[in-house]
>>> print(open('data13.txt').read())   # compact mmCIF, C-alpha atoms
# COMPACT_ATOMS: atom_id res chain seq x y z
CA MET A 736 -18.53 -13.61 -15.60
CA GLN A 737 -14.78 -13.21 -15.29
CA ILE A 738 -12.53 -16.19 -14.64
CA HIS A 739 -11.69 -15.23 -11.06
CA GLU A 740 -15.40 -14.88 -10.28
CA ARG A 741 -16.07 -18.29 -11.77
CA LEU A 742 -13.32 -19.76 -9.61
CA GLN A 743 -14.78 -18.14 -6.50
CA GLU A 744 -18.01 -20.02 -7.04
CA VAL A 745 -15.92 -23.15 -6.51
CA SER A 746 -14.06 -21.83 -3.45
CA THR A 747 -16.94 -20.20 -1.56
CA PRO A 748 -17.80 -23.32 0.52
CA ILE A 749 -14.14 -23.76 1.55
CA LEU A 750 -13.83 -20.09 2.46
CA ARG A 751 -16.93 -20.46 4.64
CA ASP A 752 -15.24 -23.36 6.43
CA ILE A 753 -12.05 -21.33 6.88
CA LEU A 754 -14.04 -18.64 8.70
CA THR A 755 -15.16 -21.25 11.26
CA THR A 756 -11.63 -22.36 12.21
CA PRO A 757 -10.61 -21.82 15.85
CA PHE A 758 -7.97 -19.22 14.96
CA LEU A 759 -10.34 -16.94 13.07
CA GLN A 760 -13.07 -17.44 15.65
CA GLY A 761 -10.57 -16.42 18.32
CA LEU A 762 -9.44 -13.45 16.25
CA GLN A 763 -13.01 -12.21 15.94
CA ALA A 764 -13.58 -12.63 19.66
CA GLY A 765 -10.24 -11.04 20.55
CA THR A 766 -9.28 -14.13 22.56
CA LEU A 767 -6.25 -15.66 20.82
CA PRO A 768 -3.86 -17.19 23.40
CA GLN A 769 -0.25 -16.02 23.22
CA ARG A 770 0.94 -19.47 22.16
CA VAL A 771 -1.50 -19.47 19.24
CA ARG A 772 -0.44 -16.01 18.08
CA ASN A 773 3.24 -16.93 18.31
CA ASN A 774 2.67 -20.12 16.33
CA TYR A 775 0.69 -18.35 13.61
CA VAL A 776 3.31 -15.64 13.09
CA TYR A 777 6.13 -18.17 12.96
CA GLN A 778 4.30 -20.43 10.50
CA ASP A 779 3.21 -17.50 8.34
CA ASP A 780 6.73 -16.02 8.21
CA TYR A 781 8.01 -19.31 6.83
CA TYR A 782 5.12 -19.59 4.38
CA LEU A 783 5.67 -16.04 3.09
CA GLU A 784 9.34 -16.74 2.41
CA GLN A 785 8.34 -19.68 0.21
CA PHE A 786 5.50 -17.66 -1.33
CA GLU A 787 7.99 -15.01 -2.47
CA ALA A 788 10.25 -17.70 -3.94
CA ALA A 789 7.30 -19.13 -5.88
CA THR A 790 6.29 -15.64 -7.01
CA ALA A 791 9.75 -15.00 -8.45
CA LEU A 792 9.59 -18.22 -10.46
CA ILE A 793 6.16 -17.33 -11.86
CA GLU A 794 6.95 -13.71 -12.67
CA ALA A 795 9.92 -14.82 -14.75
CA ARG A 796 7.38 -16.29 -17.20
CA LEU A 797 4.72 -13.57 -17.15
CA PRO A 798 4.48 -11.10 -20.06
CA ASP A 799 5.93 -7.62 -19.54
CA TRP A 800 2.55 -5.92 -19.92
CA LEU A 801 1.33 -7.70 -16.79
CA LEU A 802 4.55 -7.30 -14.83
CA CYS A 803 4.61 -3.55 -15.36
CA GLN A 804 1.22 -3.34 -13.63
CA ARG A 805 2.34 -5.19 -10.52
CA PRO A 806 1.58 -3.09 -7.42
CA GLN A 807 4.18 -2.27 -4.83
CA ILE A 808 5.43 -5.11 -2.68
CA VAL A 809 3.24 -5.57 0.37
CA PHE A 810 5.10 -6.52 3.54
CA GLU A 811 2.90 -8.24 6.09
CA ASP A 812 4.93 -7.33 9.17
CA LEU A 813 2.28 -4.84 10.29
CA ALA A 814 -0.38 -7.56 10.23
CA HIS A 815 1.86 -9.80 12.32
CA GLN A 816 2.65 -7.01 14.77
CA ALA A 817 -1.08 -6.45 15.30
CA LEU A 818 -1.23 -9.93 16.84
CA ALA A 819 1.39 -8.94 19.44
CA PRO A 820 3.62 -12.03 19.22
CA SER A 821 6.27 -12.54 21.88
CA GLU A 822 9.62 -10.89 21.17
CA ASN A 823 11.36 -14.24 21.53
CA VAL A 824 9.00 -16.85 20.18
CA GLY A 825 11.37 -19.69 21.04
CA PRO A 826 11.68 -23.00 19.21
CA VAL A 827 8.73 -23.65 16.93
CA SER A 828 8.78 -26.35 14.29
CA ILE A 829 7.20 -25.92 10.88
CA ASN A 830 4.07 -28.04 10.94
CA GLN A 831 3.45 -30.72 8.33
CA ASP A 832 0.43 -28.95 6.80
CA ASN A 833 2.52 -25.85 6.18
CA GLN A 834 5.39 -27.85 4.70
CA THR A 835 3.03 -29.77 2.42
CA TYR A 836 1.45 -26.50 1.30
CA VAL A 837 4.69 -24.78 0.32
CA THR A 838 5.96 -27.90 -1.44
CA PHE A 839 2.81 -27.82 -3.54
CA LEU A 840 3.21 -24.07 -4.27
CA LEU A 841 6.79 -24.42 -5.43
CA ALA A 842 5.98 -27.44 -7.60
CA GLN A 843 3.23 -25.50 -9.38
CA ALA A 844 5.42 -22.41 -9.72
CA LYS A 845 8.07 -24.46 -11.54
CA ARG A 846 5.65 -25.71 -14.21
CA PRO A 847 6.14 -24.20 -17.69
CA ASP A 848 2.60 -22.76 -17.68
CA PRO A 849 2.64 -19.71 -15.34
CA MET A 850 -1.12 -19.97 -14.84
CA CYS A 851 -0.56 -23.11 -12.77
CA GLY A 852 1.61 -21.18 -10.35
CA VAL A 853 -0.71 -18.18 -10.24
CA LEU A 854 -3.69 -20.38 -9.39
CA ALA A 855 -1.70 -22.06 -6.62
CA LEU A 856 -0.91 -18.66 -5.07
CA LEU A 857 -4.29 -17.03 -5.65
CA PRO A 858 -6.27 -18.74 -2.84
CA CYS A 859 -3.92 -17.45 -0.15
CA THR A 860 -3.74 -13.98 -1.70
CA GLU A 861 -7.45 -13.45 -2.23
CA SER A 862 -8.74 -15.31 0.83
CA TYR A 863 -7.03 -12.96 3.29
CA TYR A 864 -8.74 -10.03 1.63
CA LEU A 865 -12.09 -11.83 1.48
CA ILE A 866 -11.81 -12.87 5.13
CA ALA A 867 -11.05 -9.31 6.21
CA LYS A 868 -13.92 -7.93 4.14
CA THR A 869 -16.32 -10.54 5.53
CA LEU A 870 -15.32 -9.51 9.06
CA GLU A 871 -15.49 -5.82 8.15
CA HIS A 872 -17.72 -4.91 11.07
CA THR A 873 -15.87 -7.04 13.61
CA ARG A 874 -14.15 -5.13 16.38
CA THR A 875 -11.34 -7.21 17.81
CA GLY A 876 -9.49 -4.66 19.93
CA THR A 877 -5.83 -5.63 19.94
CA TYR A 878 -6.13 -7.54 16.66
CA GLN A 879 -7.95 -4.84 14.70
CA GLY A 880 -4.74 -3.97 12.84
CA TRP A 881 -4.71 -7.45 11.30
CA LEU A 882 -8.12 -6.94 9.70
CA ASP A 883 -7.33 -3.37 8.68
CA PHE A 884 -4.16 -4.48 6.89
CA TYR A 885 -5.81 -7.15 4.77
CA ARG A 886 -8.78 -5.04 3.77
CA GLY A 887 -6.62 -1.98 3.12
CA ALA A 888 -5.99 -0.38 -0.27
CA ASP A 889 -2.41 -1.64 -0.72
CA TYR A 890 -3.33 -5.26 -0.14
CA HIS A 891 -6.45 -4.92 -2.27
CA HIS A 892 -4.31 -3.70 -5.17
CA LEU A 893 -2.20 -6.85 -4.91
CA VAL A 894 -5.31 -9.05 -4.94
CA THR A 895 -6.80 -7.29 -7.97
CA TRP A 896 -3.51 -7.74 -9.83
CA TYR A 897 -3.73 -11.50 -9.31
CA TRP A 898 -7.33 -11.43 -10.51
CA GLN A 899 -6.19 -9.47 -13.56
CA ILE A 900 -3.62 -12.16 -14.40
CA VAL A 901 -6.22 -14.91 -14.16
CA ASP A 902 -8.74 -12.95 -16.23
CA THR A 903 -6.42 -11.73 -19.00
CA LEU A 904 -3.38 -13.99 -19.38
CA TYR A 905 -5.12 -16.38 -21.76
CA SER A 906 -8.10 -16.37 -24.08
CA SER A 907 -11.39 -17.93 -22.99
CA ALA A 908 -10.73 -20.84 -25.36
CA GLN A 909 -7.34 -21.52 -23.74
CA ILE A 910 -8.87 -21.40 -20.28
CA GLU A 911 -11.65 -23.81 -21.25
CA ALA A 912 -9.20 -26.24 -22.80
CA ASN A 913 -7.34 -26.47 -19.49
CA TRP A 914 -10.18 -25.73 -17.06
CA ASP A 915 -10.14 -29.07 -15.24
CA VAL A 916 -6.40 -28.80 -14.55
CA TYR A 917 -6.60 -25.16 -13.48
CA CYS A 918 -9.63 -25.69 -11.29
CA ALA A 919 -8.00 -28.68 -9.57
CA ILE A 920 -4.90 -26.61 -8.71
CA TYR A 921 -7.02 -23.77 -7.34
CA GLN A 922 -9.17 -26.14 -5.25
CA ARG A 923 -6.11 -27.98 -3.93
CA ALA A 924 -4.56 -24.69 -2.82
CA TYR A 925 -7.77 -23.61 -1.10
CA GLN A 926 -7.89 -26.90 0.78
CA ALA A 927 -4.29 -26.27 1.84
CA GLU A 928 -5.38 -22.85 3.10
CA TYR A 929 -8.03 -24.50 5.23
CA ASP A 930 -5.47 -26.97 6.59
CA PHE A 931 -3.09 -24.07 7.35
CA TRP A 932 -5.76 -22.26 9.37
CA LEU A 933 -6.68 -25.39 11.31
CA ALA A 934 -3.02 -25.98 12.18
CA ALA A 935 -2.61 -22.33 13.20
CA TRP A 936 -4.29 -23.32 16.47
CA PRO A 937 -1.88 -25.96 17.79
CA GLU A 938 -3.11 -28.95 19.72
CA GLY A 939 -3.49 -28.26 23.43
CA ALA A 940 -3.65 -24.48 23.08
CA GLN A 941 -7.31 -24.33 24.11
CA ASP A 942 -6.63 -26.47 27.17
CA SER A 943 -3.86 -24.08 28.19
CA ALA A 944 -6.08 -21.06 27.68
CA ASP A 945 -8.90 -22.61 29.74
CA LYS A 946 -6.47 -23.47 32.53
CA LYS A 947 -5.16 -19.91 32.60
CA ARG A 948 -8.70 -18.52 32.92
CA ILE A 949 -9.47 -20.92 35.80
CA GLU A 950 -6.26 -20.01 37.64
CA SER A 951 -6.94 -16.30 37.27
>>> encode(input="data13.txt", output="C-alpha cells")
Amino acid sequence: MQIHERLQEVSTPILRDILTTPFLQGLQAGTLPQRVRNNYVYQDDYYLEQFEAATALIEARLPDWLLCQRPQIVFEDLAHQALAPSENVGPVSINQDNQTYVTFLLAQAKRPDPMCGVLALLPCTESYYLIAKTLEHTRTGTYQGWLDFYRGADYHHLVTWYWQIVDTLYSSAQIEANWDVYCAIYQRAYQAEYDFWLAAWPEGAQDSADKKRIES
C-alpha cells in the first residue's frame, strides 16, 4: 500500500462527513441559494491565494526531479463560474474557519521539512477530486461544470502529482520515523476542510431560501 492510500484510510470518515455538509447537499440537488454561492466563491478565492503562497514556499524545498514533473497550473475560475456567482458580490468578510485554515497551511509550509507542507495541502487538493468522483453520476444542472472541472484530467494530474510527492519524497523508514507527526498534520488539514465546507453555508442562508420559496 502506498503512503497516500494509507493516509486515505485515516481520512475516509472525514470525507464522508464532508459530503453531508449543507453546501455539497445543495450542490447535488442543484438548490444552492445565491448568497451561499457568492460566499463560497469569495471564501475560496481568498483560500486559493494563500494556497498558492504556501505552494511556493514548499516547492522551494522540493527536489528538482519532482518539480520537473509538476503538471500545468490549474486555475479554478471555471469551477467558480459554474456556480454563477453575482457579478458584484459585495462586502463579504473572511470567516474565522477560513482564516484559521490558511494560517495553519502557511505555518506548515514554512517548516524546514517540505513533507509537512505537502500534507497540509493534500487534503484540499485530493478531496475536491474525490468528492467529484463520488458524485460522478450526479446531475446538478447549472452546477455540473463544478463537478466536471474537479474530476477532469487536468485537475486529476495535479492530484496525482501530490500523491507522487507523498509516496516518493522519502524512504519508508523515514516516513515511519515521522508517521505520527505527518498523520496529525494530514488529519488536522482534513478537519479544517470539513470546517471550511460547513462555513460555506453561512448562518441564515437556509432561512432566506425558505422565505423566498414561500413568497414565490
>>> closest_residue(input="data13.txt", among="A:Thr756, A:Ser821, A:Asn830, A:Ser907", to="Asp779 (chain A)", atoms="all atoms listed in the file")
A:Asn830
>>> residues_around(input="data13.txt", residues="Asp848 (chain A)", least_positions_apart="2", cutoff="12 Å", atoms="all atoms listed in the file", output="ChimeraX atom specification")
/A:792-797,842-846,850-855,904-905,909-910,913,916-917
>>> residues_around(input="data13.txt", residues="Asp883 (chain A)", least_positions_apart="6", cutoff="10 Å", atoms="only C-alpha atoms", output="list in words")
Leu813, Ala814, Ala817, Tyr864, Ala867, Lys868, Glu871 and Tyr890 of chain A
>>> atom_distance(input="data13.txt", atom1="CA of Trp800 (chain A)", atom2="CA of Ile900 (chain A)")
10.4 Å
>>> closest_residue(input="data13.txt", among="A:Asp915, A:Glu784, A:Glu938, A:Glu744", to="Pro757 (chain A)", atoms="all atoms listed in the file")
A:Glu938
>>> closest_residue(input="data13.txt", among="A:Val809, A:Ala888, A:Leu750, A:Ala819", to="Arg770 (chain A)", atoms="all atoms listed in the file")
A:Ala819
>>> atom_distance(input="data13.txt", atom1="CA of Ile829 (chain A)", atom2="CA of Leu754 (chain A)")
22.6 Å
>>> closest_residue(input="data13.txt", among="A:Arg886, A:Arg923, A:His891, A:His815", to="Tyr777 (chain A)", atoms="all atoms listed in the file")
A:His815
>>> axis_aligned_box(input="data13.txt", around="region 842-861 of chain A", padding_each_side="3 Å", output="AutoDock Vina command-line options")
--center_x 0.3 --center_y -20.4 --center_z -8.9 --size_x 21.5 --size_y 20.0 --size_z 23.5
>>> residues_around(input="data13.txt", residues="Asp812 (chain A)", least_positions_apart="5", cutoff="10 Å", atoms="all atoms listed in the file", output="list in words")
Val776, Asp780, Ala817, Trp881 and Phe884 of chain A
>>> atom_distance(input="data13.txt", atom1="CA of Tyr921 (chain A)", atom2="CA of Thr790 (chain A)")
15.6 Å
>>> residues_around(input="data13.txt", residues="Leu856 (chain A)", least_positions_apart="5", cutoff="8 Å", atoms="all atoms listed in the file", output="PDB file with C-alpha atoms, keeping the file's coordinate frame")
ATOM      1  CA  PHE A 786       5.500 -17.660  -1.330  1.00  0.00           C
ATOM      2  CA  LEU A 840       3.210 -24.070  -4.270  1.00  0.00           C
ATOM      3  CA  ALA A 924      -4.560 -24.690  -2.820  1.00  0.00           C
TER       4      ALA A 924
END
>>> decode(input="data13.txt", residues="region 788-925 of chain A", atoms="C-alpha atoms", output="CSV table (one decimal), in the first residue's frame")
chain,number,residue,atom,x,y,z
A,788,ALA,CA,1.7,31.2,-1.4
A,789,ALA,CA,2.1,28.1,0.7
A,790,THR,CA,2.8,26.1,-2.5
A,791,ALA,CA,5.6,28.4,-3.5
A,792,LEU,CA,7.2,28.0,-0.1
A,793,ILE,CA,7.1,24.2,-0.3
A,794,GLU,CA,8.3,24.0,-3.9
A,795,ALA,CA,11.4,25.9,-3.0
A,796,ARG,CA,12.4,22.9,-0.9
A,797,LEU,CA,11.4,20.1,-3.2
A,798,PRO,CA,14.0,18.2,-5.3
A,799,ASP,CA,14.3,19.1,-9.0
A,800,TRP,CA,13.2,15.6,-10.1
A,801,LEU,CA,9.8,16.2,-8.5
A,802,LEU,CA,9.4,19.8,-9.6
A,803,CYS,CA,10.1,19.0,-13.3
A,804,GLN,CA,7.1,16.6,-13.2
A,805,ARG,CA,4.7,19.2,-11.8
A,806,PRO,CA,1.6,19.5,-14.1
A,807,GLN,CA,0.4,22.7,-15.6
A,808,ILE,CA,-1.1,25.3,-13.2
A,809,VAL,CA,-4.8,24.6,-12.8
A,810,PHE,CA,-6.9,27.8,-12.5
A,811,GLU,CA,-10.2,27.2,-10.7
A,812,ASP,CA,-12.1,30.1,-12.3
A,813,LEU,CA,-14.1,27.8,-14.4
A,814,ALA,CA,-15.3,25.9,-11.4
A,815,HIS,CA,-16.3,29.1,-9.7
A,816,GLN,CA,-18.1,30.4,-12.9
A,817,ALA,CA,-20.2,27.2,-12.9
A,818,LEU,CA,-21.7,28.3,-9.6
A,819,ALA,CA,-22.9,31.5,-11.3
A,820,PRO,CA,-21.9,34.0,-8.5
A,821,SER,CA,-23.2,37.5,-8.7
A,822,GLU,CA,-21.0,39.9,-10.7
A,823,ASN,CA,-20.7,42.2,-7.7
A,824,VAL,CA,-20.6,40.0,-4.7
A,825,GLY,CA,-20.5,43.0,-2.3
A,826,PRO,CA,-18.8,43.1,1.1
A,827,VAL,CA,-18.1,39.6,2.4
A,828,SER,CA,-15.8,39.1,5.3
A,829,ILE,CA,-13.3,36.1,5.5
A,830,ASN,CA,-14.8,33.8,8.0
A,831,GLN,CA,-12.8,32.6,11.1
A,832,ASP,CA,-12.7,28.9,9.9
A,833,ASN,CA,-11.1,30.0,6.6
A,834,GLN,CA,-8.6,32.3,8.3
A,835,THR,CA,-7.6,29.6,10.8
A,836,TYR,CA,-7.2,27.1,8.0
A,837,VAL,CA,-4.8,29.3,5.9
A,838,THR,CA,-2.8,30.3,9.0
A,839,PHE,CA,-2.3,26.6,9.6
A,840,LEU,CA,-1.3,26.0,5.9
A,841,LEU,CA,1.3,28.7,5.9
A,842,ALA,CA,2.8,27.6,9.2
A,843,GLN,CA,3.3,24.1,7.9
A,844,ALA,CA,4.6,25.4,4.6
A,845,LYS,CA,7.3,27.3,6.4
A,846,ARG,CA,8.6,24.3,8.3
A,847,PRO,CA,12.1,23.0,7.1
A,848,ASP,CA,10.6,19.6,6.2
A,849,PRO,CA,8.6,20.1,2.9
A,850,MET,CA,6.5,17.0,3.7
A,851,CYS,CA,4.8,18.9,6.4
A,852,GLY,CA,3.6,21.5,4.0
A,853,VAL,CA,2.6,18.9,1.3
A,854,LEU,CA,0.5,17.0,3.8
A,855,ALA,CA,-1.2,20.2,4.9
A,856,LEU,CA,-2.2,21.0,1.3
A,857,LEU,CA,-3.0,17.4,0.2
A,858,PRO,CA,-6.5,17.1,1.9
A,859,CYS,CA,-7.8,20.1,0.0
A,860,THR,CA,-6.2,19.0,-3.3
A,861,GLU,CA,-7.3,15.4,-3.2
A,862,SER,CA,-10.7,15.9,-1.5
A,863,TYR,CA,-12.1,18.0,-4.3
A,864,TYR,CA,-11.2,15.3,-6.8
A,865,LEU,CA,-12.6,12.5,-4.5
A,866,ILE,CA,-15.8,14.5,-4.0
A,867,ALA,CA,-16.3,15.0,-7.7
A,868,LYS,CA,-15.6,11.3,-8.4
A,869,THR,CA,-18.0,10.2,-5.6
A,870,LEU,CA,-20.7,12.4,-7.2
A,871,GLU,CA,-19.9,11.2,-10.7
A,872,HIS,CA,-23.4,10.3,-11.6
A,873,THR,CA,-25.0,13.4,-10.0
A,874,ARG,CA,-26.7,15.7,-12.5
A,875,THR,CA,-26.8,19.2,-11.0
A,876,GLY,CA,-27.9,21.3,-14.0
A,877,THR,CA,-26.3,24.7,-13.5
A,878,TYR,CA,-23.6,23.4,-11.3
A,879,GLN,CA,-22.5,20.5,-13.5
A,880,GLY,CA,-19.4,22.4,-14.6
A,881,TRP,CA,-18.1,22.4,-11.0
A,882,LEU,CA,-18.1,18.6,-10.8
A,883,ASP,CA,-16.7,18.3,-14.3
A,884,PHE,CA,-13.8,20.6,-13.5
A,885,TYR,CA,-12.7,18.7,-10.4
A,886,ARG,CA,-13.0,15.2,-11.9
A,887,GLY,CA,-11.4,16.4,-15.2
A,888,ALA,CA,-8.0,15.2,-16.5
A,889,ASP,CA,-6.1,18.5,-15.7
A,890,TYR,CA,-7.1,18.5,-12.1
A,891,HIS,CA,-6.5,14.8,-11.7
A,892,HIS,CA,-3.0,15.3,-12.9
A,893,LEU,CA,-2.4,17.8,-10.2
A,894,VAL,CA,-3.8,15.4,-7.5
A,895,THR,CA,-1.6,12.5,-8.7
A,896,TRP,CA,1.4,14.8,-8.6
A,897,TYR,CA,0.7,15.4,-4.9
A,898,TRP,CA,0.3,11.7,-4.3
A,899,GLN,CA,3.6,11.1,-6.1
A,900,ILE,CA,5.4,13.5,-3.7
A,901,VAL,CA,3.9,11.8,-0.6
A,902,ASP,CA,4.8,8.4,-2.0
A,903,THR,CA,8.3,9.1,-3.2
A,904,LEU,CA,9.9,12.0,-1.4
A,905,TYR,CA,11.2,9.9,1.5
A,906,SER,CA,12.0,6.3,2.1
A,907,SER,CA,9.6,4.1,4.0
A,908,ALA,CA,11.9,4.2,7.1
A,909,GLN,CA,11.8,8.0,7.1
A,910,ILE,CA,8.1,8.0,6.8
A,911,GLU,CA,7.7,5.6,9.7
A,912,ALA,CA,10.0,7.6,11.9
A,913,ASN,CA,7.8,10.6,11.5
A,914,TRP,CA,4.4,9.0,10.9
A,915,ASP,CA,2.7,10.4,14.0
A,916,VAL,CA,3.7,13.9,13.1
A,917,TYR,CA,2.8,13.6,9.4
A,918,CYS,CA,-0.5,11.9,10.1
A,919,ALA,CA,-1.5,14.6,12.6
A,920,ILE,CA,-0.9,17.3,10.1
A,921,TYR,CA,-2.9,15.5,7.4
A,922,GLN,CA,-5.8,14.9,9.8
A,923,ARG,CA,-5.8,18.5,11.1
A,924,ALA,CA,-6.0,19.7,7.5
A,925,TYR,CA,-8.9,17.4,6.7
